[in-house]
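Here's the structure, in structure tokens; my notes come after.
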Number of protein chains: 2
Amino acid sequence: MVRGAANVEAMSGALPQKLRADAEDNRARILGAAQALFAAGDLNVPMRLVAERAGVSSATLYRRFPTKAALAAAVFAEQMRACEAIVAEALADPDPWRGFCLVIEEICELHARNGGFTAAFMSSYPGAVDLAQERRRALRSVAVLADRAKHAGRLRADFVLDDLIIVLMANRGIRAPTAAAQVAAARRFAMLAQHGFRAEALPAA
Amino acid sequence: MVRGAANVEAMSGALPQKLRADAEDNRARILGAAQALFAAGDLNVPMRLVAERAGVSSATLYRRFPTKAALAAAVFAEQMRACEAIVAEALADPDPWRGFCLVIEEICELHARNGGFTAAFMSSYPGAVDLAQERRRALRSVAVLADRAKHAGRLRADFVLDDLIIVLMANRGIRAPTAAAQVAAARRFAMLAQHGFRAEALPAA
């Protein structure tokens, strides 16, 4: 009896755990599928396709994410944290110009790998995903970084935050036939943009 | 009788001329309407809308341009000539770096004003508009210009034509709320791109 009771207890304890693990697994699969489908920068993907790619039923998908907006918010929250980590790392760099260049490089590459996120970040989906607050916070940090890089004489004195927005928008225009070519083109573009932002070399005395 | 005959002759001479003038007018109105509708970079505009905007009947539109491809070809032929004129002017500049910068500036601005053309130039409409030959010719001229600018020590030594393609694609990613802001952003971007392409300043001896 004692043994039996222990077994029942073990089973009743194991079952929810297994269910929780399955649920976590479903959630991860849904987010992965949605991220892959949003990567092309288009949120107009039917929920049905997300469920199909994740290998879950539509019922499971809708139970977890009742709307496309809720799904997109969950997908982009993680990437927003990655973006904030980039800016934090850049701010912590003792060389503000190197930090500034890091932001351009990493954000350009982030977009090349995941166009959906930068589209969300640039508020391309009014009503669906609102990262306005996060964007303002990130841009404030970049403004601090840019001021430091200007004072260090490395960033062009006439740089304004709109220049960075222009470059990030421009990076979104780049299309390459393969994922690898897309990343290579984004890296090259980031390098050219960094050179464009450099302060003019002082004339030799 | 002599007078009457002269009048008839004058009338019969005037009528075709008037018809020809009307026909020319229709053609210009159709091309203008199509250009305005294609400017956003999307060729998927119903022919009906083109006719409506031009103020001609669908019958008149289809008589002149039996297919969307024929219409697009006529619209972009003129802009292709403008583009070729820019490259010719740049090649003729005694300062190859100034010529190279001119190409970037003017093409970026051309796109800001008319996205449909650069989309056609970048072969975004396979099957509808084929500017591949013109593109090759223009790029060959830019390659000559780039070599001269490199030899003059002004263009970065590692510049490749793909860099220009990346910058032109990138320029297409820029979106501004108004036409004026679009042109201003394209100009600023062209300036940053030029700086990105500059040869590194030689270290002071």
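We name chains A, B, ... following the order of the structure tokens; residues begin at 1 in each chain, and ligands are numbered from 1 as shown.
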
Write out as CSV the residues of chain A that have any atom within 7 Å of an atom of chain B, one row each with the nearest atom pair and its distance in Å to one decimal, counting only C-alpha atoms, sorted by chain and then rising number.
```
residue,atom,partner,partner_atom,distance
A:Ile166,CA,B:Ile174,CA,6.3
A:Met169,CA,B:Ile174,CA,5.1
A:Ala170,CA,B:Ala170,CA,4.1
A:Asn171,CA,B:Ala170,CA,5.3
A:Arg172,CA,B:Gly173,CA,5.4
A:Gly173,CA,B:Gly173,CA,3.7
A:Ile174,CA,B:Ala170,CA,5.1
A:Ala185,CA,B:Ile166,CA,6.9
A:Phe189,CA,B:Ile166,CA,6.9
A:Leu192,CA,B:Gly196,CA,4.6
A:Ala193,CA,B:Gly196,CA,5.8
A:His195,CA,B:Gly196,CA,4.4
A:Gly196,CA,B:Gly196,CA,3.8
A:Phe197,CA,B:Leu192,CA,6.8
A:Ala201,CA,B:Ala201,CA,6.7
A:Ala204,CA,B:Ala204,CA,5.5
```

DSSP alpha helix (DSSP H) selection over range 72-168 of chain A, as a PyMOL selection string:
chain A and resi 72-92+96-113+115-121+132-151+161-168

Contacts of range 35-50 of chain B at 6 Å or less, counting only C-alpha atoms, minus same-chain residues fewer than 3 places along, as number ranges by chain?
B: 31-32, 53, 114-116

What would the file look like if the residues just selected were written as a CSV table (one decimal), in the first residue's frame with C-alpha atoms?
```
chain,number,residue,atom,x,y,z
B,31,LEU,CA,2.9,58.2,-69.3
B,32,GLY,CA,2.6,60.9,-66.6
B,53,ARG,CA,-5.8,59.2,-63.5
B,114,ASN,CA,10.7,58.0,-58.5
B,115,GLY,CA,11.0,54.6,-56.7
B,116,GLY,CA,9.5,52.8,-59.6
```

Residues within 7 Å of range 103-105 of chain B, please, as a list in words. Count only C-alpha atoms; anything in the same chain fewer than 6 positions from it doesn't count.
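The filter keeps Ile86, Val87, Ala90, Arg187 and Ala190 of chain B.
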
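Around Glu89 in chain A, within 10 Å and counting only C-alpha atoms, the residues found are Cys83, Glu84, Gly99, Leu102 and Val103 of chain A, once anything fewer than 5 positions away on its own chain is removed.
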
Just the residues within 8 Å of Leu71 in chain A, please, counting only C-alpha atoms, with nothing from its chain fewer than 5 positions along; format it as a ChimeraX atom specification.
/A:31,34,65-66

Enter the distance from CA of Phe121 in chain A to CA of Arg29 in chain A, in Å, rounded to one decimal.
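Atom-to-atom, CA of Phe121 in chain A and CA of Arg29 in chain A are spaced 22.9 Å apart.
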
Ranking B:Leu139, B:Ala33, B:Ala132, B:Ala149 by minimum distance to Ala72 in chain B and counting only C-alpha atoms, which one comes first?
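Result for the nearest residue to Ala72 in chain B: B:Ala33.
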
For CA of Asp25 in chain A and CA of Ala77 in chain A, determine how far apart the two atoms are, in Å to one decimal place.
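CA of Ala77 in chain A lies 18.1 Å from CA of Asp25 in chain A.
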
Using only C-alpha atoms, determine which residues lie at most 7 Å from Phe117 in chain B, disregarding the query and same-chain residues fewer than 5 positions distant; provide the list as a ChimeraX atom specification.
/B:76,79,111

Write the selection just made, keeping N, CA, C and O atoms, as a compact mmCIF listing (two decimals), in the first residue's frame?
```
# COMPACT_ATOMS: atom_id res chain seq x y z
N PHE B 76 9.77 53.87 -68.23
CA PHE B 76 11.13 53.80 -67.71
C PHE B 76 12.19 54.14 -68.75
O PHE B 76 13.31 54.48 -68.40
N GLN B 79 13.30 57.61 -68.16
CA GLN B 79 14.10 57.74 -66.95
C GLN B 79 15.46 57.07 -67.10
O GLN B 79 16.44 57.52 -66.52
N HIS B 111 15.85 58.11 -57.16
CA HIS B 111 15.00 57.10 -56.53
C HIS B 111 14.00 57.72 -55.58
O HIS B 111 12.84 57.31 -55.50
```
